[in-house]
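Visitor: Before we start, here is the structure in question, set down as structure tokens.
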Amino acid sequence: VTGELHQLCDCGLPKAWNTTAPTTSSGRSIDCEVNKFGDMMKLLSVSDPSFGQVIAIDAGFDIFTRAWCVAEMAAANLMGMRQYLKCASGEALSENEPRMRGLRIQDMQASRPEDKEEILAAIPDVEAFNEELQRLLFEELLPSWHELDSVEQMGRLGHMIRWQR
């Protein structure tokens, strides 16, 4: 979001990247933690039926430009995980709706090119993924916010404001 590179940990231990040996038969590093989000979500989802995903939308809606974030939303939805959308206001949703209607996973960003490559490689049909993303956003997640009455929306906003202090 800021354009600044995240600094590596200086603990001195070796770092494991997406393709660091040892690897699986598909070439994914066994030791890398970054490429395990789907596996962890599956484990948590089957371990605890009440486990859910909170999608906290930042003020600029930049979460929807990040490949890992969108891939995690889609994976959670595919697993049938409950998802909770947190947004500052219905007005912010309305203002950003046109931009969101054009979202495509192949246009999103990742901090490292190999992360984006891995995400795209895991999607068998990119166009079908994009169609499902639009369905998820506009038929499931966003309508749930708009269906709240003003008292419920204000209550949720109050909770969010308290967390920001």
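By convention here, the chains of the structure tokens are called A, B, ... in the order presented, each chain's residues are numbered starting at 1, and ligands are numbered starting at 1 in the order presented.
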Set the distance at 7 Å and use only C-alpha atoms: which residues neighbour Tyr84 (chain A) once local chain neighbours fewer than 4 positions away are removed? I'd like the list as a list in words.
Guide: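 Here the answer would be Gln53, Val54 and Ile55 of chain A.
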Visitor: Just the strand (DSSP E or B) stuff from region 58-90 of chain A, please, per backbone DSSP, written as a VMD selection string.
Guide: chain A and resid 66 82 to 86
Visitor: For Arg99 (chain A), find every residue with an atom within 12 Å (counting only C-alpha atoms), except residues of its own chain fewer than 3 positions away, and show them as an mmCIF file with all heavy atoms, in the first residue's frame.
Guide:
data_model
loop_
_atom_site.group_PDB
_atom_site.id
_atom_site.type_symbol
_atom_site.label_atom_id
_atom_site.label_comp_id
_atom_site.auth_asym_id
_atom_site.auth_seq_id
_atom_site.Cartn_x
_atom_site.Cartn_y
_atom_site.Cartn_z
ATOM 1 N N GLY A 60 -9.353 3.093 1.904
ATOM 2 C CA GLY A 60 -9.165 3.238 0.468
ATOM 3 C C GLY A 60 -9.580 2.019 -0.342
ATOM 4 O O GLY A 60 -9.392 1.982 -1.551
ATOM 5 N N PHE A 61 -10.123 0.990 0.332
ATOM 6 C CA PHE A 61 -10.534 -0.258 -0.305
ATOM 7 C C PHE A 61 -9.359 -0.938 -1.006
ATOM 8 O O PHE A 61 -9.538 -1.713 -1.940
ATOM 9 C CB PHE A 61 -11.695 -0.022 -1.276
ATOM 10 C CG PHE A 61 -13.037 0.033 -0.591
ATOM 11 C CD1 PHE A 61 -13.305 0.992 0.377
ATOM 12 C CD2 PHE A 61 -14.031 -0.873 -0.901
ATOM 13 C CE1 PHE A 61 -14.526 1.041 1.015
ATOM 14 C CE2 PHE A 61 -15.258 -0.834 -0.264
ATOM 15 C CZ PHE A 61 -15.511 0.126 0.703
ATOM 16 N N ASP A 62 -8.141 -0.673 -0.524
ATOM 17 C CA ASP A 62 -6.947 -1.263 -1.134
ATOM 18 C C ASP A 62 -6.852 -2.761 -0.904
ATOM 19 O O ASP A 62 -6.131 -3.452 -1.631
ATOM 20 C CB ASP A 62 -5.690 -0.566 -0.613
ATOM 21 C CG ASP A 62 -5.602 0.875 -1.083
ATOM 22 O OD1 ASP A 62 -6.050 1.161 -2.207
ATOM 23 O OD2 ASP A 62 -5.097 1.716 -0.317
ATOM 24 N N PHE A 64 -8.775 -4.862 -1.768
ATOM 25 C CA PHE A 64 -9.237 -5.518 -2.987
ATOM 26 C C PHE A 64 -8.240 -5.413 -4.141
ATOM 27 O O PHE A 64 -8.510 -5.887 -5.235
ATOM 28 C CB PHE A 64 -10.605 -4.977 -3.399
ATOM 29 C CG PHE A 64 -11.666 -5.288 -2.380
ATOM 30 C CD1 PHE A 64 -12.184 -4.283 -1.587
ATOM 31 C CD2 PHE A 64 -12.121 -6.585 -2.194
ATOM 32 C CE1 PHE A 64 -13.161 -4.566 -0.631
ATOM 33 C CE2 PHE A 64 -13.083 -6.877 -1.241
ATOM 34 C CZ PHE A 64 -13.607 -5.865 -0.455
ATOM 35 N N THR A 65 -7.076 -4.803 -3.895
ATOM 36 C CA THR A 65 -6.020 -4.772 -4.901
ATOM 37 C C THR A 65 -4.914 -5.761 -4.555
ATOM 38 O O THR A 65 -3.971 -5.919 -5.325
ATOM 39 C CB THR A 65 -5.388 -3.367 -5.021
ATOM 40 O OG1 THR A 65 -4.672 -3.064 -3.811
ATOM 41 C CG2 THR A 65 -6.441 -2.303 -5.297
ATOM 42 N N ALA A 92 -19.145 4.557 1.834
ATOM 43 C CA ALA A 92 -17.842 4.135 1.309
ATOM 44 C C ALA A 92 -18.011 2.966 0.349
ATOM 45 O O ALA A 92 -17.339 2.906 -0.692
ATOM 46 C CB ALA A 92 -16.914 3.751 2.458
ATOM 47 N N LEU A 93 -18.912 2.039 0.674
ATOM 48 C CA LEU A 93 -19.189 0.923 -0.235
ATOM 49 C C LEU A 93 -19.724 1.432 -1.566
ATOM 50 O O LEU A 93 -19.266 1.013 -2.632
ATOM 51 C CB LEU A 93 -20.209 -0.033 0.382
ATOM 52 C CG LEU A 93 -19.712 -0.966 1.466
ATOM 53 C CD1 LEU A 93 -20.870 -1.754 2.059
ATOM 54 C CD2 LEU A 93 -18.650 -1.906 0.935
ATOM 55 N N SER A 94 -20.680 2.330 -1.500
ATOM 56 C CA SER A 94 -21.280 2.864 -2.725
ATOM 57 C C SER A 94 -20.259 3.603 -3.575
ATOM 58 O O SER A 94 -20.246 3.477 -4.801
ATOM 59 C CB SER A 94 -22.436 3.805 -2.378
ATOM 60 O OG SER A 94 -23.455 3.091 -1.733
ATOM 61 N N GLU A 95 -19.379 4.385 -2.930
ATOM 62 C CA GLU A 95 -18.366 5.146 -3.664
ATOM 63 C C GLU A 95 -17.373 4.232 -4.381
ATOM 64 O O GLU A 95 -16.877 4.565 -5.444
ATOM 65 C CB GLU A 95 -17.596 6.064 -2.709
ATOM 66 C CG GLU A 95 -18.392 7.244 -2.219
ATOM 67 C CD GLU A 95 -17.650 8.043 -1.149
ATOM 68 O OE1 GLU A 95 -16.451 7.775 -0.907
ATOM 69 O OE2 GLU A 95 -18.282 8.927 -0.549
ATOM 70 N N ASN A 96 -17.078 3.081 -3.781
ATOM 71 C CA ASN A 96 -16.064 2.187 -4.342
ATOM 72 C C ASN A 96 -16.639 1.062 -5.193
ATOM 73 O O ASN A 96 -15.886 0.293 -5.792
ATOM 74 C CB ASN A 96 -15.212 1.601 -3.213
ATOM 75 C CG ASN A 96 -14.257 2.629 -2.661
ATOM 76 O OD1 ASN A 96 -13.216 2.890 -3.249
ATOM 77 N ND2 ASN A 96 -14.629 3.245 -1.549
ATOM 78 N N GLY A 102 -14.911 -4.004 -11.429
ATOM 79 C CA GLY A 102 -13.898 -4.329 -12.436
ATOM 80 C C GLY A 102 -12.748 -5.167 -11.909
ATOM 81 O O GLY A 102 -11.748 -5.352 -12.606
ATOM 82 N N LEU A 103 -12.862 -5.686 -10.685
ATOM 83 C CA LEU A 103 -11.753 -6.446 -10.103
ATOM 84 C C LEU A 103 -11.469 -7.723 -10.887
ATOM 85 O O LEU A 103 -12.381 -8.452 -11.258
ATOM 86 C CB LEU A 103 -12.082 -6.831 -8.656
ATOM 87 C CG LEU A 103 -12.139 -5.711 -7.641
ATOM 88 C CD1 LEU A 103 -12.527 -6.269 -6.277
ATOM 89 C CD2 LEU A 103 -10.821 -4.976 -7.552
ATOM 90 N N ARG A 104 -10.171 -7.961 -11.096
ATOM 91 C CA ARG A 104 -9.709 -9.190 -11.732
ATOM 92 C C ARG A 104 -8.458 -9.640 -10.992
ATOM 93 O O ARG A 104 -7.554 -8.834 -10.767
ATOM 94 C CB ARG A 104 -9.375 -8.951 -13.204
ATOM 95 C CG ARG A 104 -10.566 -8.515 -14.035
ATOM 96 C CD ARG A 104 -10.237 -8.093 -15.463
ATOM 97 N NE ARG A 104 -8.831 -7.929 -15.773
ATOM 98 C CZ ARG A 104 -8.224 -8.510 -16.814
ATOM 99 N NH1 ARG A 104 -8.887 -9.278 -17.639
ATOM 100 N NH2 ARG A 104 -6.939 -8.294 -17.041
ATOM 101 N N GLN A 134 -16.880 -11.740 -8.247
ATOM 102 C CA GLN A 134 -17.946 -10.741 -8.382
ATOM 103 C C GLN A 134 -19.233 -11.220 -7.702
ATOM 104 O O GLN A 134 -19.915 -10.451 -7.032
ATOM 105 C CB GLN A 134 -18.202 -10.446 -9.867
ATOM 106 C CG GLN A 134 -17.067 -9.699 -10.541
ATOM 107 C CD GLN A 134 -16.861 -8.312 -9.969
ATOM 108 O OE1 GLN A 134 -17.787 -7.528 -9.847
ATOM 109 N NE2 GLN A 134 -15.629 -8.001 -9.598
#
Visitor: To test your reading of the structure, identify every residue in region 34-134 of chain A that backbone DSSP assigns to helix (DSSP H, G or I), and report it as a PyMOL selection string.
Guide: chain A and resi 34-47+62-65+67-78+90-101+105-107+113-121+126-134
Visitor: Quick one: residues within 9 Å of Ser29 (chain A), only C-alpha atoms, excluding same-chain residues fewer than 4 positions away - as a CSV table (one decimal) with all heavy atoms, in the first residue's frame?
Guide:
chain,number,residue,atom,x,y,z
A,16,ALA,N,12.9,-19.2,4.3
A,16,ALA,CA,12.4,-20.2,3.4
A,16,ALA,C,11.4,-19.5,2.5
A,16,ALA,O,10.4,-19.0,2.9
A,16,ALA,CB,11.7,-21.3,4.1
A,17,TRP,N,11.7,-19.4,1.2
A,17,TRP,CA,10.8,-18.8,0.2
A,17,TRP,C,9.9,-19.8,-0.5
A,17,TRP,O,10.0,-21.0,-0.2
A,17,TRP,CB,11.6,-18.0,-0.9
A,17,TRP,CG,12.5,-17.0,-0.2
A,17,TRP,CD1,13.9,-17.1,-0.1
A,17,TRP,CD2,12.2,-15.8,0.5
A,17,TRP,NE1,14.4,-16.0,0.6
A,17,TRP,CE2,13.3,-15.2,1.0
A,17,TRP,CE3,10.9,-15.2,0.7
A,17,TRP,CZ2,13.3,-14.0,1.7
A,17,TRP,CZ3,10.9,-14.0,1.4
A,17,TRP,CH2,12.1,-13.4,1.9
A,18,ASN,N,9.1,-19.4,-1.4
A,18,ASN,CA,8.1,-20.3,-2.1
A,18,ASN,C,8.7,-21.6,-2.7
A,18,ASN,O,8.1,-22.6,-2.7
A,18,ASN,CB,7.3,-19.6,-3.2
A,18,ASN,CG,6.6,-18.4,-2.7
A,18,ASN,OD1,7.1,-17.6,-1.9
A,18,ASN,ND2,5.3,-18.2,-3.1
A,19,THR,N,9.9,-21.5,-3.2
A,19,THR,CA,10.6,-22.6,-3.8
A,19,THR,C,11.8,-23.1,-3.1
A,19,THR,O,12.6,-23.9,-3.7
A,19,THR,CB,10.9,-22.3,-5.3
A,19,THR,OG1,11.8,-21.1,-5.3
A,19,THR,CG2,9.7,-22.0,-6.1
A,20,THR,N,12.0,-22.7,-1.9
A,20,THR,CA,13.2,-23.2,-1.1
A,20,THR,C,13.0,-24.7,-0.8
A,20,THR,O,12.0,-25.1,-0.4
A,20,THR,CB,13.3,-22.4,0.2
A,20,THR,OG1,13.4,-21.0,0.0
A,20,THR,CG2,14.5,-22.9,1.0
A,21,ALA,N,14.1,-25.4,-1.1
A,21,ALA,CA,14.1,-26.9,-0.8
A,21,ALA,C,14.0,-27.1,0.7
A,21,ALA,O,14.5,-26.3,1.5
A,21,ALA,CB,15.4,-27.5,-1.4
A,22,PRO,N,13.4,-28.2,1.1
A,22,PRO,CA,12.8,-29.2,0.3
A,22,PRO,C,11.4,-28.8,-0.2
A,22,PRO,O,10.8,-27.9,0.4
A,22,PRO,CB,12.6,-30.4,1.3
A,22,PRO,CG,12.5,-29.8,2.6
A,22,PRO,CD,13.4,-28.5,2.5
A,23,THR,N,11.0,-29.3,-1.4
A,23,THR,CA,9.7,-28.9,-2.0
A,23,THR,C,8.8,-30.1,-2.2
A,23,THR,O,9.3,-31.3,-2.1
A,23,THR,CB,9.9,-28.3,-3.3
A,23,THR,OG1,10.6,-29.2,-4.2
A,23,THR,CG2,10.8,-27.0,-3.2
A,24,THR,N,7.6,-29.9,-2.3
A,24,THR,CA,6.6,-30.9,-2.7
A,24,THR,C,6.8,-31.3,-4.1
A,24,THR,O,7.5,-30.6,-4.8
A,24,THR,CB,5.1,-30.4,-2.4
A,24,THR,OG1,4.9,-29.4,-3.3
A,24,THR,CG2,4.9,-30.0,-1.0
A,33,GLU,N,6.4,-20.5,5.1
A,33,GLU,CA,5.2,-20.2,5.8
A,33,GLU,C,4.2,-19.4,4.9
A,33,GLU,O,3.0,-19.5,5.1
A,33,GLU,CB,5.4,-19.4,7.0
A,33,GLU,CG,6.3,-20.2,8.0
A,33,GLU,CD,6.7,-19.4,9.2
A,33,GLU,OE1,6.3,-18.2,9.3
A,33,GLU,OE2,7.4,-19.9,10.1
A,35,ASN,N,3.3,-19.7,1.8
A,35,ASN,CA,2.4,-20.4,0.8
A,35,ASN,C,1.4,-21.4,1.5
A,35,ASN,O,0.9,-22.3,0.9
A,35,ASN,CB,3.3,-21.1,-0.2
A,35,ASN,CG,4.1,-22.2,0.4
A,35,ASN,OD1,4.1,-22.5,1.6
A,35,ASN,ND2,5.0,-22.7,-0.5
